[in-house]
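A quick write-up on the structure given underneath.
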Amino acid sequence: MKGKAAVFTEIGKPLEIREYPLPEVEPDAMLVQVTLANICGSDLHFLKGHGPGVKGGIPQILGHEMVGKVYKLGKNFTTDSLGRPLQEGDRIAYAYFVPCGTCWACLSGTAACPNRYRYWLGVSCEEPPYFRGAFAQYYYLRSGQWVFKIPDELPDDVVSPINCALSEVIYGLHKIGIVLGDTVVIQGAGGLGLYATAVAREMGAGQVIVMDKLPARLELAKAFGADLTINVAEVGAEERRQMVLERTEGRGADVVAEFVGSPQVVEEGIEMLRYGGRYLLIGNINLGLKGEIDPAQLVRATRTVMGIIVYEPWVIARALQFLQRTQHKYPFSRIISHKFPLEEINEALEFARQGKSIRTSLLPHSS
Ligand SMILES: [Zn+2]
Ligand SMILES: [Zn+2]
C-alpha cells in the first residue's frame with residue numbers, strides 16, 4: 001500500500017506529488033487518513049523559506065491544519081487523550097506538534113516548547129515514517145500528540161481548522177484574559193480573526209470591533225458577532241483610533257488582538273488600548289520582519305503585550321465543545337470556502353496567496 005503526498009523540494013518551485021509506502025506503525029503511534037487539510041497563512045510563509053528549519057534541498061511535507069480518521073492504531077494506542085476508546089475509522093482532531101517534555105519551557109508548564117516541530121520541519125519525508133505533514137493522504141501521529149474523538153454532529157468542514165486556527169485563538173484569548181464587558185478590537189478578519197470575533201463574544205466581551213481591508217471579510221465578521229467593522233482601506237489610522245475612543249467613553253480598548261501578520265499594525269494596535277490594556281500578537285509569525293513601536297506607549301500606560309503560538313492539552317477538547325454549542329449560531333462552514341484535490345495543490349496555493357478565500361482546503365482522497 002502506498003499514499004500520495006505533496007512534497008516541498010526547493011523554494012520557489014511547485015510542490016511535487018510523490019508516493020510513499022504506508023509505514024509500519026510503532027506501538028505508541030497511529031496512522032491517520034487525512035480527510036481535509038487546510039492551507040494556513042503560515043504554510044505560505046514556509047514555502048518562501050521563512051519557517052524554522054524549512055530550507056530548500058530537504059524534501060518535506062508541509063501543512064499542519066487538518067482533520068482525519070484513525071487508519072491504523074499502534075497496539076498501545078487504545079484511547080484518545082480523554083481516555084475514550086479509539087477504533088480504526090474514528091474521526092479525530094489532534095495537535096500537529098509534539099512538545100518534548102524535557103526543555104525549560106515544557107518543565108515550566110508553558111506551551112512554548114522550542115523543539116515541538118522536531119519530527120516535521122527540516123526533516124526529510126524520504127525517511128520513514130514519511131507522512132510528517134498535512135499535505136498528504138496519511139499522517140503519522142506520535143505518542144505525545146493530543147488526540148480527541150470528534151462528535152458525529154460536527155462535519156469536517158467545521159472541525160478541520162481546529163488544531164491550528166481555532167485552538168490558537170481560544171488559547172490566546174484565554175491567556176490575554178477577556179473580562180466580562182471588555183471592548184475587544186480584532187485586527188484582521190481572516191480565519192483566525194473571524195474565530196476570535198465569535199470566541200471573544202462567547203467569553204463575555206461587551207463589544208467586538210473588527211478591522212480589515214476586504215469588504216467580504218468584514219461582512220462575514222458581522223455574522224461572527226462583530227458589533228462594528230472598519231474598512232482600513234477607507235478609514236485612516238487616526239480616524240480608526242477615534243472610532244474606538246468614541247465607543248469606549250474616550251478610554252480605548254481593553255484588548256486588541258492582532259491576526260494580520262504584518263508588523264505595521266502593531267503600533268496602531270498598542271495605541272488603541274486603554275491605560276492598562278492588553279495586546280495579543282498571534283499573526284506576526286515571520287522572523288526578521290521588524291516594525292516600529294514607541295515603548296513609552298507601553299510603559300507610561302502600563303500596557304501588556306503578549307505573543308502566543310500553539311497551545312496547551314485542554315484546548316482542542318474545549319474547542320470541540322465550543323463548536324458543538326455554537327455551530328448553528330455562527331457560519332463556521334463559510335470559513336472553508338474553497339476545496340481542491342491534493343493533486344492540484346499548486347493551484348490551491350496560488351489561489352490562497354491571492355487572498356480570494358478565507359481558507360483554501362485540500363481533499364487528499366478525492367481522486
Ligand atoms: Zn497554522
Ligand atoms: Zn520542550
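Following the order of the C-alpha cells, chains are lettered A, B, ..., residues in each are numbered from 1, and ligands are numbered from 1.
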Need to verify the contact set: segment 9-22 of chain A, 9 Å, only C-alpha atoms, exclusion of same-chain residues closer than 4 positions in sequence. Can you return it as a ChimeraX atom specification?
/A:1-5,31,46-49,55-60,125-126,128-131,136,138,342-343,345-346
Apply DSSP to the backbone of this structure and, from segment 267-302 of chain A, keep only the residues in alpha helix (DSSP H); write these as a VMD selection string.
chain A and resid 267 to 271 296 to 299
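Note that atom CA of Glu168 of chain A and atom CA of Pro85 of chain A are 26.5 Å apart.
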Please give me, as a PyMOL selection string, the residues lying within 12 Å of ligand 1 when counting only C-alpha atoms and all ligand atoms.
chain A and resi 37-46+51+62-66+95-97+133-134+160-169+191-192+259+261+282-285+309-310+359
Contacts of Leu220 of chain A at 12 Å or less, counting only C-alpha atoms, minus same-chain residues fewer than 2 places along, as an MDAnalysis selection string?
chainID A and resid 188:191 193:195 197:198 210:212 214:218 222:229 330:335 337 357:358
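A distance search around ligand 2 (8 Å at most, only C-alpha atoms and all ligand atoms) returns the following protein and nucleic acid residues: Pro99, Cys100, Gly101, Thr102, Cys103, Trp104, Ala105, Cys106, Leu107, Ala112, Cys113, Pro114, Asn115 and Arg116 of chain A.
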Which residues are close to Arg325 of chain A, i.e. within 12 Å by only C-alpha atoms, leaving aside same-chain residues fewer than 5 positions away? Reply as number ranges by chain.
A: 151, 153-154, 198-199, 202, 318-320, 330
One residue among A:Ser108, A:Gln242, A:Gln33, A:Ser124 is nearest to Tyr140 of chain A when using only C-alpha atoms, and that residue is A:Gln33
Considering only C-alpha atoms, state which residue in the set A:Thr248, A:Thr304, A:Gln321, A:Gln297 is at the smallest distance from Gly276 of chain A.
A:Thr304
Which residues are close to Ala233 of chain A, i.e. within 9 Å by only C-alpha atoms, leaving aside same-chain residues fewer than 2 positions away? Reply as a list of chain:residue names.
A:Asp212, A:Lys213, A:Leu214, A:Ile230, A:Asn231, A:Val235, A:Gly236
Any chance you can output those residues with N, CA and C atoms as a PDB file, in the first residue's frame?
ATOM      1  N   ASP A 212     -10.386  45.229   8.825  1.00  0.00           N
ATOM      2  CA  ASP A 212      -9.785  44.512   7.699  1.00  0.00           C
ATOM      3  C   ASP A 212      -9.923  45.426   6.492  1.00  0.00           C
ATOM      4  N   LYS A 213      -9.279  45.014   5.364  1.00  0.00           N
ATOM      5  CA  LYS A 213      -9.434  45.856   4.173  1.00  0.00           C
ATOM      6  C   LYS A 213     -10.351  45.226   3.130  1.00  0.00           C
ATOM      7  N   LEU A 214     -10.808  43.988   3.376  1.00  0.00           N
ATOM      8  CA  LEU A 214     -11.658  43.313   2.391  1.00  0.00           C
ATOM      9  C   LEU A 214     -13.122  43.326   2.839  1.00  0.00           C
ATOM     10  N   ILE A 230     -14.624  48.010  10.560  1.00  0.00           N
ATOM     11  CA  ILE A 230     -13.977  49.196   9.991  1.00  0.00           C
ATOM     12  C   ILE A 230     -13.113  48.747   8.821  1.00  0.00           C
ATOM     13  N   ASN A 231     -13.359  49.334   7.648  1.00  0.00           N
ATOM     14  CA  ASN A 231     -12.534  49.019   6.482  1.00  0.00           C
ATOM     15  C   ASN A 231     -11.305  49.921   6.494  1.00  0.00           C
ATOM     16  N   VAL A 235     -10.853  53.989   5.853  1.00  0.00           N
ATOM     17  CA  VAL A 235     -10.823  54.849   7.041  1.00  0.00           C
ATOM     18  C   VAL A 235      -9.374  54.983   7.513  1.00  0.00           C
ATOM     19  N   GLY A 236      -8.879  56.181   7.649  1.00  0.00           N
ATOM     20  CA  GLY A 236      -7.476  56.420   8.023  1.00  0.00           C
ATOM     21  C   GLY A 236      -7.185  56.038   9.471  1.00  0.00           C
TER      22      GLY A 236
END
Using the chain letters and numbers from this document, which residues of segment 62-310 of chain A does DSSP assign to strand (DSSP E or B), as a ChimeraX atom specification?
/A:65-73,79,85,91-94,136,138-141,147-149,183-187,207-212,228-231,253-258,273-281,304-307
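Distances here use only C-alpha atoms; by that measure, the residue among A:Leu82, A:Val25, A:Val34, A:Ile176 closest to Val255 of chain A is A:Ile176.
Nearest to Leu287 of chain A of all the residues A:His50, A:Thr79, A:Leu323, A:Leu86 is A:His50, based on only C-alpha atoms.
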Would you mind reading off the distance between atom CA of Thr110 of chain A and atom CA of Ala317 of chain A, one decimal, in Å?
17.9 Å
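Using only C-alpha atoms, the nearest neighbour of Val256 of chain A within the list A:Ser143, A:Asn286, A:Thr183, A:Thr35 is A:Thr183.
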Give me, as a list in words, all polymer residues having an atom no more than 8 Å from Gly206 of chain A, counting only C-alpha atoms and skipping those fewer than 3 positions away in the same chain.
Leu180, Gly181, Asp182, Thr183, Val184 and Arg201 of chain A
Given the selection you just returned, output its residues as a file containing C-alpha atoms, formatted as a PDB file, in the first residue's frame.
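Once written, part12.pdb looks like this:
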ATOM      1  CA  LEU A 180     -16.984  40.410  31.144  1.00  0.00           C
ATOM      2  CA  GLY A 181     -17.853  43.548  29.204  1.00  0.00           C
ATOM      3  CA  ASP A 182     -14.438  44.117  27.602  1.00  0.00           C
ATOM      4  CA  THR A 183     -14.137  46.049  24.368  1.00  0.00           C
ATOM      5  CA  VAL A 184     -12.085  43.835  22.055  1.00  0.00           C
ATOM      6  CA  ARG A 201     -18.184  37.224  22.147  1.00  0.00           C
TER       7      ARG A 201
END
